[in-house]
$ cat coords.txt   # compact mmCIF, C-alpha atoms and all ligand atoms
# COMPACT_ATOMS: atom_id res chain seq x y z
CA MET R 1 105.03 33.06 133.96
CA GLU R 2 107.27 30.80 131.93
CA LYS R 3 110.52 29.58 133.47
CA PHE R 4 113.57 31.43 132.20
CA ILE R 5 117.31 31.87 132.44
CA TRP R 6 118.48 35.44 132.87
CA TYR R 7 122.17 35.86 132.28
CA ASN R 8 124.13 38.99 131.44
CA PRO R 9 127.89 39.22 131.97
CA THR R 10 128.36 42.71 130.45
CA LYS R 11 129.70 45.36 132.81
CA LEU R 12 127.98 48.62 131.88
CA TYR R 13 129.56 52.00 132.53
CA PHE R 14 126.76 54.51 132.04
CA GLY R 15 126.99 58.30 132.07
CA LYS R 16 129.08 61.34 131.32
CA GLY R 17 132.85 60.89 131.45
CA GLN R 18 132.81 57.12 131.90
CA ILE R 19 135.55 56.86 129.26
CA ASN R 20 137.95 57.43 132.14
CA LYS R 21 137.25 53.84 133.20
CA LEU R 22 138.71 52.54 129.94
CA ASN R 23 142.33 52.45 131.10
CA ASN R 24 141.41 50.24 134.01
CA GLU R 25 139.46 47.87 131.77
CA LEU R 26 142.43 47.65 129.38
CA LYS R 27 144.87 46.57 132.08
CA GLN R 28 144.44 42.85 131.48
CA TYR R 29 144.94 43.10 127.71
CA ASP R 30 148.01 43.77 125.57
CA LYS R 31 147.03 43.72 121.91
CA ILE R 32 143.94 45.52 120.81
CA LEU R 33 141.93 45.67 117.59
CA LEU R 34 140.11 49.01 117.42
CA VAL R 35 137.01 48.69 115.23
CA TYR R 36 135.02 51.69 114.00
CA GLY R 37 132.85 52.96 111.17
CA GLY R 38 133.06 55.67 108.57
CA GLY R 39 134.59 58.39 110.68
CA SER R 40 131.95 59.77 113.05
CA ILE R 41 134.16 58.82 116.03
CA LYS R 42 136.86 61.12 114.66
CA LYS R 43 134.41 64.02 114.27
CA ILE R 44 133.20 63.70 117.85
CA GLY R 45 136.70 63.45 119.33
CA LEU R 46 136.23 59.91 120.61
CA TYR R 47 138.92 58.49 118.34
CA ASP R 48 141.54 60.84 119.81
CA GLU R 49 140.39 60.07 123.35
CA VAL R 50 140.73 56.32 122.77
CA ILE R 51 144.09 56.57 121.01
CA ASP R 52 145.44 58.75 123.84
CA ILE R 53 144.44 56.12 126.38
CA LEU R 54 145.90 53.28 124.29
CA LYS R 55 149.18 55.16 123.98
CA LYS R 56 149.32 56.12 127.66
CA GLU R 57 148.73 52.50 128.61
CA ASN R 58 151.43 51.35 126.17
CA LYS R 59 149.10 49.07 124.28
CA PHE R 60 149.85 47.60 120.89
CA TYR R 61 146.88 48.32 118.62
CA VAL R 62 145.71 47.90 115.06
CA GLU R 63 142.68 49.47 113.46
CA LEU R 64 139.80 48.18 111.38
CA SER R 65 137.89 51.19 110.07
CA GLY R 66 135.13 51.67 107.52
CA ILE R 67 132.44 49.40 108.96
CA GLU R 68 129.30 50.30 107.03
CA PRO R 69 125.68 50.41 108.21
CA ASN R 70 124.18 46.96 107.59
CA PRO R 71 127.72 45.68 108.23
CA ARG R 72 129.28 43.38 105.70
CA LEU R 73 130.67 39.90 106.11
CA GLN R 74 133.74 40.89 104.07
CA MET R 75 134.77 43.37 106.79
CA VAL R 76 134.25 40.71 109.44
CA ARG R 77 136.59 38.43 107.51
CA LYS R 78 139.13 41.26 107.29
CA GLY R 79 138.89 41.70 111.06
CA ILE R 80 139.36 37.99 111.65
CA GLU R 81 142.59 38.11 109.63
CA LEU R 82 143.84 41.10 111.65
CA VAL R 83 143.11 39.31 114.92
CA LYS R 84 144.98 36.20 113.81
CA GLU R 85 147.97 38.05 112.32
CA ASN R 86 148.43 40.28 115.36
CA HIS R 87 147.51 37.88 118.18
CA ILE R 88 144.85 40.30 119.37
CA ASP R 89 143.51 39.76 122.88
CA LEU R 90 140.78 42.46 123.02
CA ILE R 91 138.47 43.81 120.34
CA LEU R 92 137.45 47.36 121.14
CA ALA R 93 134.50 48.64 119.12
CA ALA R 94 133.63 52.34 119.10
CA GLY R 95 130.44 53.22 117.27
CA GLY R 96 126.86 52.15 116.66
CA GLY R 97 125.29 48.75 116.24
CA SER R 98 126.99 47.97 112.95
CA THR R 99 130.47 48.47 114.40
CA ILE R 100 129.77 46.58 117.60
CA ASP R 101 128.03 43.72 115.77
CA SER R 102 131.05 43.38 113.48
CA ALA R 103 133.34 43.21 116.52
CA LYS R 104 131.23 40.37 117.94
CA ALA R 105 131.36 38.31 114.76
CA ILE R 106 135.12 38.89 114.51
CA ALA R 107 135.55 37.88 118.16
CA ILE R 108 134.16 34.41 117.62
CA GLY R 109 135.11 33.98 113.97
CA ALA R 110 138.77 34.43 114.87
CA VAL R 111 138.90 31.51 117.28
CA SER R 112 136.31 29.16 115.85
CA GLU R 113 137.24 26.03 113.94
CA HIS R 114 134.18 26.81 111.79
CA ASP R 115 133.83 29.47 109.13
CA VAL R 116 132.15 32.62 110.43
CA LEU R 117 129.40 32.27 107.83
CA ASP R 118 128.46 28.91 109.36
CA LEU R 119 128.29 30.62 112.77
CA LEU R 120 126.01 33.27 111.24
CA LEU R 121 123.87 30.53 109.73
CA ASN R 122 123.62 29.17 113.29
CA LYS R 123 125.02 25.80 112.27
CA TYR R 124 127.23 25.84 115.37
CA VAL R 125 127.30 27.71 118.68
CA GLN R 126 130.73 29.11 119.41
CA GLU R 127 131.28 28.94 123.19
CA LYS R 128 134.45 31.05 123.38
CA GLY R 129 135.68 34.22 121.73
CA ILE R 130 138.17 37.05 122.01
CA PRO R 131 137.00 39.49 124.74
CA ILE R 132 135.05 42.51 123.48
CA GLY R 133 134.84 46.05 124.84
CA THR R 134 132.49 48.67 123.39
CA ILE R 135 132.03 52.41 123.43
CA LEU R 136 128.53 53.16 122.19
CA THR R 137 127.86 56.24 120.03
CA LEU R 138 124.30 55.56 118.85
CA SER R 139 121.32 54.41 120.93
CA ALA R 140 119.22 51.86 119.08
CA THR R 141 120.16 48.21 119.00
CA GLY R 142 120.96 47.26 122.60
CA THR R 143 124.01 45.43 121.24
CA GLU R 144 126.12 47.08 123.96
CA MET R 145 124.61 44.71 126.52
CA ASN R 146 123.45 41.71 124.55
CA PRO R 147 125.06 38.78 122.71
CA ARG R 148 123.45 39.42 119.31
CA SER R 149 125.24 40.37 116.10
CA VAL R 150 123.59 41.01 112.74
CA ILE R 151 125.76 40.80 109.64
CA SER R 152 124.94 41.13 105.93
CA ASP R 153 126.19 38.50 103.52
CA THR R 154 126.01 40.65 100.40
CA GLU R 155 127.03 37.79 98.10
CA ASN R 156 123.81 35.97 98.93
CA ASN R 157 121.74 39.05 99.90
CA LEU R 158 121.12 37.68 103.38
CA LYS R 159 121.09 39.44 106.71
CA LEU R 160 122.02 36.92 109.36
CA GLY R 161 122.07 36.97 113.16
CA LEU R 162 124.14 35.13 115.72
CA GLY R 163 124.58 35.18 119.48
CA ASN R 164 123.41 32.86 122.21
CA TRP R 165 121.92 34.33 125.40
CA GLU R 166 123.40 31.64 127.62
CA VAL R 167 126.96 31.82 126.30
CA ASP R 168 129.50 34.52 127.18
CA ALA R 169 131.29 34.60 123.82
CA THR R 170 129.52 37.52 122.12
CA PHE R 171 128.41 39.53 125.14
CA PRO R 172 130.67 42.57 125.48
CA ASN R 173 132.89 42.20 128.56
CA PHE R 174 132.36 45.89 129.20
CA SER R 175 130.48 48.73 127.53
CA ILE R 176 130.94 52.43 128.01
CA CYS R 177 127.69 54.31 127.38
CA ASP R 178 128.15 58.06 127.59
CA PRO R 179 125.17 59.94 126.12
CA THR R 180 127.53 62.79 125.20
CA TYR R 181 128.80 60.69 122.28
CA THR R 182 125.28 60.44 120.89
CA LEU R 183 124.60 64.20 120.74
CA THR R 184 125.81 64.31 117.12
CA VAL R 185 123.69 61.45 115.79
CA PRO R 186 121.82 62.98 112.83
CA LYS R 187 118.05 63.25 112.76
CA ASN R 188 117.45 60.27 110.46
CA HIS R 189 119.51 57.89 112.59
CA THR R 190 117.92 59.29 115.74
CA ILE R 191 114.49 58.50 114.29
CA ASN R 192 115.70 55.03 113.34
CA GLY R 193 117.01 54.53 116.85
CA ILE R 194 113.67 55.51 118.41
CA ILE R 195 111.87 53.02 116.17
CA ASP R 196 114.37 50.23 116.80
CA ILE R 197 114.19 50.64 120.59
CA MET R 198 110.40 50.65 120.53
CA SER R 199 110.35 47.65 118.19
CA HIS R 200 112.56 45.63 120.52
CA VAL R 201 110.11 46.29 123.31
CA LEU R 202 107.09 45.58 121.12
CA GLU R 203 108.54 42.29 119.93
CA GLN R 204 108.73 41.23 123.59
CA TYR R 205 105.39 42.82 124.58
CA PHE R 206 103.51 40.74 122.04
CA SER R 207 104.29 37.45 123.68
CA ARG R 208 102.33 34.51 124.91
CA ASN R 209 103.03 34.54 128.60
CA GLU R 210 100.44 33.97 131.30
CA ASN R 211 100.49 36.10 134.45
CA ASN R 212 102.96 38.59 133.12
CA ILE R 213 101.82 41.82 134.75
CA LEU R 214 105.31 43.02 135.61
CA GLY R 215 106.83 42.16 132.23
CA GLU R 216 104.05 43.97 130.41
CA GLN R 217 104.21 47.03 132.60
CA MET R 218 107.99 47.25 132.31
CA ALA R 219 107.61 47.10 128.53
CA GLU R 220 104.86 49.73 128.59
CA SER R 221 107.01 51.96 130.72
CA ILE R 222 109.87 51.97 128.17
CA LEU R 223 107.39 52.48 125.31
CA LYS R 224 105.69 55.38 127.10
CA THR R 225 109.06 56.95 127.83
CA MET R 226 110.04 56.74 124.16
CA ILE R 227 106.67 58.17 123.06
CA GLU R 228 107.25 61.05 125.45
CA ILE R 229 110.86 61.85 124.60
CA GLY R 230 111.10 60.77 120.94
CA PRO R 231 109.22 63.70 119.36
CA LYS R 232 111.02 66.17 121.67
CA LEU R 233 114.41 64.76 120.80
CA ILE R 234 114.07 64.98 117.03
CA HIS R 235 113.52 68.72 117.44
CA ASP R 236 116.28 69.13 120.00
CA LEU R 237 119.00 66.71 118.92
CA GLU R 238 121.67 68.01 121.28
CA ASN R 239 119.56 67.77 124.43
CA TYR R 240 121.68 65.73 126.83
CA LYS R 241 118.85 64.71 129.15
CA LEU R 242 116.76 63.35 126.29
CA ARG R 243 119.78 61.53 124.83
CA GLU R 244 120.51 60.07 128.25
CA THR R 245 116.96 58.77 128.61
CA MET R 246 117.02 57.31 125.11
CA MET R 247 120.32 55.60 125.79
CA ILE R 248 119.15 53.73 128.87
CA CYS R 249 115.86 52.85 127.15
CA GLY R 250 117.86 51.34 124.28
CA THR R 251 119.96 49.21 126.58
CA LEU R 252 117.07 47.99 128.74
CA ALA R 253 114.90 47.28 125.71
CA TRP R 254 117.14 44.48 124.52
CA ASN R 255 119.48 43.29 127.24
CA GLY R 256 117.58 40.20 128.35
CA MET R 257 115.47 41.85 131.05
CA LEU R 258 112.24 41.91 129.05
CA ARG R 259 113.18 38.77 127.16
CA GLY R 260 113.23 36.73 130.34
CA LEU R 261 109.89 38.06 131.56
CA ASN R 262 108.16 37.98 128.20
CA ASN R 263 108.88 34.46 127.02
CA LYS R 264 111.56 35.36 124.46
CA GLY R 265 109.26 37.57 122.41
CA ASP R 266 107.84 37.38 118.92
CA TRP R 267 110.50 38.75 116.52
CA ALA R 268 108.54 38.20 113.29
CA CYS R 269 108.86 41.91 112.42
CA HIS R 270 112.63 41.75 112.84
CA ARG R 271 112.80 38.66 110.64
CA MET R 272 110.81 40.38 107.88
CA GLU R 273 112.77 43.61 108.26
CA HIS R 274 116.10 41.83 107.97
CA ALA R 275 114.91 40.42 104.64
CA LEU R 276 113.98 43.92 103.45
CA SER R 277 117.29 45.45 104.49
CA ALA R 278 119.22 42.47 103.06
CA VAL R 279 117.68 43.03 99.64
CA TYR R 280 117.32 46.82 99.55
CA ASP R 281 120.03 47.91 102.01
CA ILE R 282 117.57 50.17 103.84
CA ALA R 283 118.11 51.30 107.43
CA HIS R 284 116.89 48.79 110.01
CA GLY R 285 114.71 51.36 111.84
CA GLU R 286 113.02 52.45 108.62
CA GLY R 287 112.26 48.85 107.65
CA LEU R 288 110.73 48.26 111.08
CA ALA R 289 108.50 51.33 110.77
CA ILE R 290 107.28 49.99 107.43
CA ILE R 291 106.64 46.39 108.43
CA THR R 292 105.41 46.63 112.04
CA PRO R 293 101.98 48.27 111.54
CA GLN R 294 101.21 45.74 108.78
CA TRP R 295 102.16 42.89 111.10
CA MET R 296 100.02 44.43 113.84
CA GLU R 297 96.95 44.59 111.64
CA PHE R 298 97.41 41.03 110.46
CA CYS R 299 97.74 39.71 114.02
CA ALA R 300 95.04 41.91 115.59
CA LYS R 301 92.49 40.45 113.16
CA LYS R 302 93.28 36.99 114.54
CA ASP R 303 93.67 37.89 118.22
CA PRO R 304 93.21 41.50 119.32
CA SER R 305 93.71 40.85 123.07
CA GLN R 306 97.26 42.17 123.50
CA PHE R 307 96.59 45.00 121.05
CA VAL R 308 93.73 46.16 123.26
CA LYS R 309 96.16 46.45 126.18
CA PHE R 310 98.62 48.26 123.88
CA ALA R 311 95.97 50.75 122.70
CA VAL R 312 94.74 51.53 126.19
CA ALA R 313 98.11 51.65 127.97
CA LEU R 314 100.03 53.66 125.36
CA PHE R 315 97.48 55.79 123.61
CA ASN R 316 94.64 56.00 126.16
CA VAL R 317 92.19 54.61 123.65
CA SER R 318 88.72 54.46 125.18
CA ILE R 319 87.13 51.01 125.24
CA GLU R 320 83.59 52.29 125.72
CA ASN R 321 81.09 51.04 123.16
CA LYS R 322 83.87 49.47 121.10
CA THR R 323 84.63 45.89 120.20
CA ASP R 324 88.09 44.56 121.01
CA LYS R 325 89.01 44.75 117.34
CA GLU R 326 87.97 48.38 117.11
CA VAL R 327 90.09 49.26 120.14
CA ALA R 328 93.02 47.27 118.76
CA PHE R 329 92.82 48.95 115.36
CA GLU R 330 92.55 52.38 116.93
CA GLY R 331 95.78 51.65 118.86
CA ILE R 332 97.53 50.53 115.68
CA LYS R 333 96.32 53.68 113.90
CA ARG R 334 97.76 55.81 116.70
CA TYR R 335 101.10 53.97 116.52
CA ARG R 336 101.21 54.60 112.78
CA GLN R 337 100.45 58.28 113.43
CA PHE R 338 103.25 58.40 115.98
CA LEU R 339 105.71 56.91 113.48
CA LYS R 340 104.57 59.39 110.81
CA SER R 341 104.85 62.30 113.26
CA ILE R 342 108.51 61.58 113.91
CA GLY R 343 109.24 61.30 110.19
CA ALA R 344 109.45 57.52 109.69
CA PRO R 345 108.63 56.01 106.30
CA LEU R 346 105.53 53.79 106.28
CA SER R 347 105.83 52.10 102.90
CA MET R 348 108.52 50.83 100.53
CA LYS R 349 107.07 53.39 98.08
CA HIS R 350 109.18 55.85 100.08
CA TYR R 351 112.22 54.47 98.19
CA GLY R 352 110.45 54.40 94.83
CA ILE R 353 110.88 50.62 94.74
CA LYS R 354 108.43 49.09 92.30
CA ASP R 355 109.99 45.77 91.37
CA TYR R 356 110.14 43.14 94.01
CA ASP R 357 110.36 39.38 94.23
CA LEU R 358 107.92 38.46 96.95
CA ASP R 359 108.94 34.79 97.12
CA ASP R 360 112.58 35.74 97.50
CA LEU R 361 111.73 38.12 100.38
CA VAL R 362 109.69 35.37 102.04
CA ASP R 363 112.60 32.90 101.62
CA LYS R 364 114.95 35.42 103.19
CA THR R 365 112.54 35.91 106.08
CA MET R 366 111.85 32.25 106.77
CA LEU R 367 115.47 31.09 106.28
CA GLY R 368 114.27 27.50 106.31
CA SER R 369 111.79 27.82 109.22
CA LYS R 370 108.22 26.59 108.71
CA GLU R 371 106.83 29.30 110.98
CA ILE R 372 108.07 32.52 112.54
CA GLY R 373 106.76 34.60 115.45
CA ARG R 374 105.07 33.62 118.68
CA TYR R 375 102.07 35.92 119.23
CA ILE R 376 100.53 34.56 116.04
CA PRO R 377 102.85 31.96 114.49
CA LEU R 378 103.15 32.98 110.84
CA SER R 379 103.32 30.54 107.94
CA ARG R 380 105.02 31.31 104.61
CA ASP R 381 101.67 32.44 103.22
CA ASP R 382 101.05 34.75 106.19
CA VAL R 383 104.50 36.32 105.77
CA LYS R 384 103.84 36.72 102.07
CA GLU R 385 100.56 38.48 102.77
CA ILE R 386 102.16 40.89 105.27
CA ILE R 387 105.17 41.74 103.11
CA SER R 388 102.98 42.24 100.04
CA GLN R 389 101.22 45.07 101.90
CA VAL R 390 104.37 47.18 102.28
CA PHE R 391 105.00 47.80 98.56
O1 LIG R 401 130.00 54.81 110.37
P1 LIG R 401 130.00 56.04 111.19
O2 LIG R 401 130.82 57.13 110.62
O3 LIG R 401 130.30 55.77 112.62
O4 LIG R 401 128.51 56.63 111.08
C1 LIG R 401 127.37 55.96 111.62
C2 LIG R 401 126.47 55.35 110.54
O5 LIG R 401 126.56 56.08 109.34
C3 LIG R 401 126.48 56.99 112.25
N1 LIG R 401 126.81 57.32 113.62
C4 LIG R 401 127.00 56.46 114.66
N2 LIG R 401 127.26 57.16 115.78
C5 LIG R 401 127.26 58.47 115.44
C6 LIG R 401 126.99 58.58 114.07
N3 LIG R 401 126.94 59.76 113.43
C7 LIG R 401 127.15 60.88 114.16
N4 LIG R 401 127.40 60.84 115.49
C8 LIG R 401 127.46 59.68 116.16
N5 LIG R 401 127.67 59.67 117.47
O6 LIG R 401 125.19 56.41 112.21
C9 LIG R 401 125.07 55.57 111.07
C10 LIG R 401 124.35 54.30 111.45
O7 LIG R 401 125.16 53.53 112.30
P2 LIG R 401 124.78 52.00 112.61
O8 LIG R 401 125.81 51.48 113.53
O9 LIG R 401 124.53 51.28 111.35
O10 LIG R 401 123.36 52.15 113.35
P3 LIG R 401 122.65 51.27 114.44
O11 LIG R 401 123.29 51.44 115.76
O12 LIG R 401 121.22 51.58 114.33
O13 LIG R 401 122.91 49.75 114.00
C11 LIG R 401 122.12 49.14 113.01
C12 LIG R 401 122.57 47.72 112.78
O14 LIG R 401 122.36 46.92 113.95
C13 LIG R 401 121.55 45.77 113.61
C14 LIG R 401 120.73 46.28 112.46
O15 LIG R 401 120.15 45.23 111.71
C15 LIG R 401 121.75 47.07 111.67
O16 LIG R 401 122.56 46.22 110.90
N6 LIG R 401 120.83 45.29 114.79
C16 LIG R 401 121.56 44.74 115.78
C17 LIG R 401 120.97 44.21 116.91
C18 LIG R 401 121.75 43.60 118.00
N7 LIG R 401 123.04 43.42 117.81
O17 LIG R 401 121.21 43.25 119.03
C19 LIG R 401 119.52 44.20 117.09
C20 LIG R 401 118.80 45.07 116.15
O18 LIG R 401 117.48 44.62 116.04
C21 LIG R 401 119.40 45.20 114.79
O19 LIG R 401 119.02 44.14 113.93
ZN ZN R 402 116.12 46.01 115.93
$ encode --input "coords.txt" --output "structure tokens" --more "lines below"
Ligand code: NZQ
Ligand code: ZN
Amino acid sequence: MEKFIWYNPTKLYFGKGQINKLNNELKQYDKILLVYGGGSIKKIGLYDEVIDILKKENKFYVELSGIEPNPRLQMVRKGIELVKENHIDLILAAGGGSTIDSAKAIAIGAVSEHDVLDLLLNKYVQEKGIPIGTILTLSATGTEMNPRSVISDTENNLKLGLGNWEVDATFPNFSICDPTYTLTVPKNHTINGIIDIMSHVLEQYFSRNENNILGEQMAESILKTMIEIGPKLIHDLENYKLRETMMICGTLAWNGMLRGLNNKGDWACHRMEHALSAVYDIAHGEGLAIITPQWMEFCAKKDPSQFVKFAVALFNVSIENKTDKEVAFEGIKRYRQFLKSIGAPLSMKHYGIKDYDLDDLVDKTMLGSKEIGRYIPLSRDDVKEIISQVF
């Protein structure tokens, strides 16, 4: 195994009714910025619940609503202004990944001497921020228990990520994860969530780490769970038990546990997907479903070893009378079939997109790096070849 640091300061409240812990968490704060999206928290009654608690606790609060999927830098800047004007001491985000990621960028942007865009470009690491609390309403990103934040700079068509795993600043101080709030997530976003959770695990499964039996089996266990519950859930969206299982899978997929054991992971698919969603504003989960099988095929041709494990462990592919490459490609075929069976798009043709600037997409993937990924380090030309396959 590689040496690693495993740090996670987020206090997680998991399960039905955990919102009743919010008043206690709010005790140490006076001025709160409530951040949310386009209104789903009002439809599910969460907005009223939160406002009731804020009022009962006599908290001063201001609201930043209208955070969009693929959240925009402009809204982050608006939030930063609100924090400064109102001397906010807690940012409370209620929603999915886009809302929570915006809260994180606001939290550090508001106290940093640097512009938030420079933080997103990773020019500086911001060590301190305004405390963050979250109430999760969509299982997918793991943002509820990790330091990462992904924000779209629409002026430059870039999707940028920040958040350091060894620094408290963008970890939520607390997160309330009640599966009840996710019962209303529509089918398309549920599918996207399943794909995103599985992709986070896959990115960490395809790592270069010797003697990693436990890390691999923990990853396989989350993947198997998602393969078991995903198809059931999309036909039974209000099933609490399935939502509950998905929610904990989402958190554990990307909260540092697998990252520590799996040598930080690969993340080439996420890099390429962020370029696709920066340019075409497609949902993150859909972009991952499109790019991942292409990446798998490219890498399995060069080194099928981990793909053989994947095929056998997840899809019971028989190894008898087959070469490693045949087993690996059978596993990839089965993963593609799984994605198709849950209704995920597998090509950019799904959007009717015909015109594309391949070099621009490669630039937006590489963002100045010479190589991306760890399982097979990918050069510019490799990335170009993979992305060209998705159109
Ligand atoms: O805006 P509202 O009205 O809340 O509606 C949202 C939005 O339209 C809706 N929704 C959320 N909870 C709901 C609900 N609708 C009904 N009932 C509920 N309970 O769902 C839509 C999508 O929400 P969004 O927050 O965009 O989805 P998700 O949680 O998948 O977040 C995606 C974003 O996170 C980034 C992605 O790139 C993307 O920008 N990621 C963040 C990561 C992280 N911070 O660690 C890692 C990921 O790899 C990812 O890159
Ligand atoms: Zn993701």
$ closest_residue --input "coords.txt" --among "R:Arg243, R:His274, R:Lys264, R:His284" --to "Pro345 (chain R)" --atoms "all atoms listed in the file"
R:His284
$ residues_near_ligand --input "coords.txt" --ligand "ligand ZN 402 (chain R)" --cutoff "8 Å" --atoms "only C-alpha atoms and all ligand atoms" --output "list of chain:residue names"
R:Ala140, R:Thr141, R:Asp196, R:Ile197, R:Ser199, R:His200, R:His270, R:His284, R:Gly285, R:Leu288
$ write_last_selection --input "coords.txt" --atoms "C-alpha atoms" --output "tab-separated table (two decimals), in the frame of the given file"
chain	number	residue	atom	x	y	z
R	140	ALA	CA	119.22	51.86	119.08
R	141	THR	CA	120.16	48.21	119.00
R	196	ASP	CA	114.37	50.23	116.80
R	197	ILE	CA	114.19	50.64	120.59
R	199	SER	CA	110.35	47.65	118.19
R	200	HIS	CA	112.56	45.63	120.52
R	270	HIS	CA	112.63	41.75	112.84
R	284	HIS	CA	116.89	48.79	110.01
R	285	GLY	CA	114.71	51.36	111.84
R	288	LEU	CA	110.73	48.26	111.08
$ residues_near_ligand --input "coords.txt" --ligand "ligand LIG 401 (chain R)" --cutoff "8 Å" --atoms "all atoms listed in the file" --output "PyMOL selection string"
chain R and resi 36-41+43-44+66-71+95-101+136-144+146-152+159+161+181-186+189+192-193+196+200+254+270+274+277+283-285
$ write_last_selection --input "coords.txt" --atoms "C-alpha atoms" --output "PDB file, in the frame of the given file"
ATOM      1  CA  TYR R  36     135.020  51.690 114.000  1.00  0.00           C
ATOM      2  CA  GLY R  37     132.850  52.960 111.170  1.00  0.00           C
ATOM      3  CA  GLY R  38     133.060  55.670 108.570  1.00  0.00           C
ATOM      4  CA  GLY R  39     134.590  58.390 110.680  1.00  0.00           C
ATOM      5  CA  SER R  40     131.950  59.770 113.050  1.00  0.00           C
ATOM      6  CA  ILE R  41     134.160  58.820 116.030  1.00  0.00           C
ATOM      7  CA  LYS R  43     134.410  64.020 114.270  1.00  0.00           C
ATOM      8  CA  ILE R  44     133.200  63.700 117.850  1.00  0.00           C
ATOM      9  CA  GLY R  66     135.130  51.670 107.520  1.00  0.00           C
ATOM     10  CA  ILE R  67     132.440  49.400 108.960  1.00  0.00           C
ATOM     11  CA  GLU R  68     129.300  50.300 107.030  1.00  0.00           C
ATOM     12  CA  PRO R  69     125.680  50.410 108.210  1.00  0.00           C
ATOM     13  CA  ASN R  70     124.180  46.960 107.590  1.00  0.00           C
ATOM     14  CA  PRO R  71     127.720  45.680 108.230  1.00  0.00           C
ATOM     15  CA  GLY R  95     130.440  53.220 117.270  1.00  0.00           C
ATOM     16  CA  GLY R  96     126.860  52.150 116.660  1.00  0.00           C
ATOM     17  CA  GLY R  97     125.290  48.750 116.240  1.00  0.00           C
ATOM     18  CA  SER R  98     126.990  47.970 112.950  1.00  0.00           C
ATOM     19  CA  THR R  99     130.470  48.470 114.400  1.00  0.00           C
ATOM     20  CA  ILE R 100     129.770  46.580 117.600  1.00  0.00           C
ATOM     21  CA  ASP R 101     128.030  43.720 115.770  1.00  0.00           C
ATOM     22  CA  LEU R 136     128.530  53.160 122.190  1.00  0.00           C
ATOM     23  CA  THR R 137     127.860  56.240 120.030  1.00  0.00           C
ATOM     24  CA  LEU R 138     124.300  55.560 118.850  1.00  0.00           C
ATOM     25  CA  SER R 139     121.320  54.410 120.930  1.00  0.00           C
ATOM     26  CA  ALA R 140     119.220  51.860 119.080  1.00  0.00           C
ATOM     27  CA  THR R 141     120.160  48.210 119.000  1.00  0.00           C
ATOM     28  CA  GLY R 142     120.960  47.260 122.600  1.00  0.00           C
ATOM     29  CA  THR R 143     124.010  45.430 121.240  1.00  0.00           C
ATOM     30  CA  GLU R 144     126.120  47.080 123.960  1.00  0.00           C
ATOM     31  CA  ASN R 146     123.450  41.710 124.550  1.00  0.00           C
ATOM     32  CA  PRO R 147     125.060  38.780 122.710  1.00  0.00           C
ATOM     33  CA  ARG R 148     123.450  39.420 119.310  1.00  0.00           C
ATOM     34  CA  SER R 149     125.240  40.370 116.100  1.00  0.00           C
ATOM     35  CA  VAL R 150     123.590  41.010 112.740  1.00  0.00           C
ATOM     36  CA  ILE R 151     125.760  40.800 109.640  1.00  0.00           C
ATOM     37  CA  SER R 152     124.940  41.130 105.930  1.00  0.00           C
ATOM     38  CA  LYS R 159     121.090  39.440 106.710  1.00  0.00           C
ATOM     39  CA  GLY R 161     122.070  36.970 113.160  1.00  0.00           C
ATOM     40  CA  TYR R 181     128.800  60.690 122.280  1.00  0.00           C
ATOM     41  CA  THR R 182     125.280  60.440 120.890  1.00  0.00           C
ATOM     42  CA  LEU R 183     124.600  64.200 120.740  1.00  0.00           C
ATOM     43  CA  THR R 184     125.810  64.310 117.120  1.00  0.00           C
ATOM     44  CA  VAL R 185     123.690  61.450 115.790  1.00  0.00           C
ATOM     45  CA  PRO R 186     121.820  62.980 112.830  1.00  0.00           C
ATOM     46  CA  HIS R 189     119.510  57.890 112.590  1.00  0.00           C
ATOM     47  CA  ASN R 192     115.700  55.030 113.340  1.00  0.00           C
ATOM     48  CA  GLY R 193     117.010  54.530 116.850  1.00  0.00           C
ATOM     49  CA  ASP R 196     114.370  50.230 116.800  1.00  0.00           C
ATOM     50  CA  HIS R 200     112.560  45.630 120.520  1.00  0.00           C
ATOM     51  CA  TRP R 254     117.140  44.480 124.520  1.00  0.00           C
ATOM     52  CA  HIS R 270     112.630  41.750 112.840  1.00  0.00           C
ATOM     53  CA  HIS R 274     116.100  41.830 107.970  1.00  0.00           C
ATOM     54  CA  SER R 277     117.290  45.450 104.490  1.00  0.00           C
ATOM     55  CA  ALA R 283     118.110  51.300 107.430  1.00  0.00           C
ATOM     56  CA  HIS R 284     116.890  48.790 110.010  1.00  0.00           C
ATOM     57  CA  GLY R 285     114.710  51.360 111.840  1.00  0.00           C
TER      58      GLY R 285
END
$ closest_residue --input "coords.txt" --among "R:Val317, R:Leu339, R:Ala311, R:Leu117" --to "Gln74 (chain R)" --atoms "all atoms listed in the file"
R:Leu117
$ closest_residue --input "coords.txt" --among "R:Phe338, R:Phe4, R:Tyr13, R:Trp267" --to "Leu314 (chain R)" --atoms "only C-alpha atoms"
R:Phe338
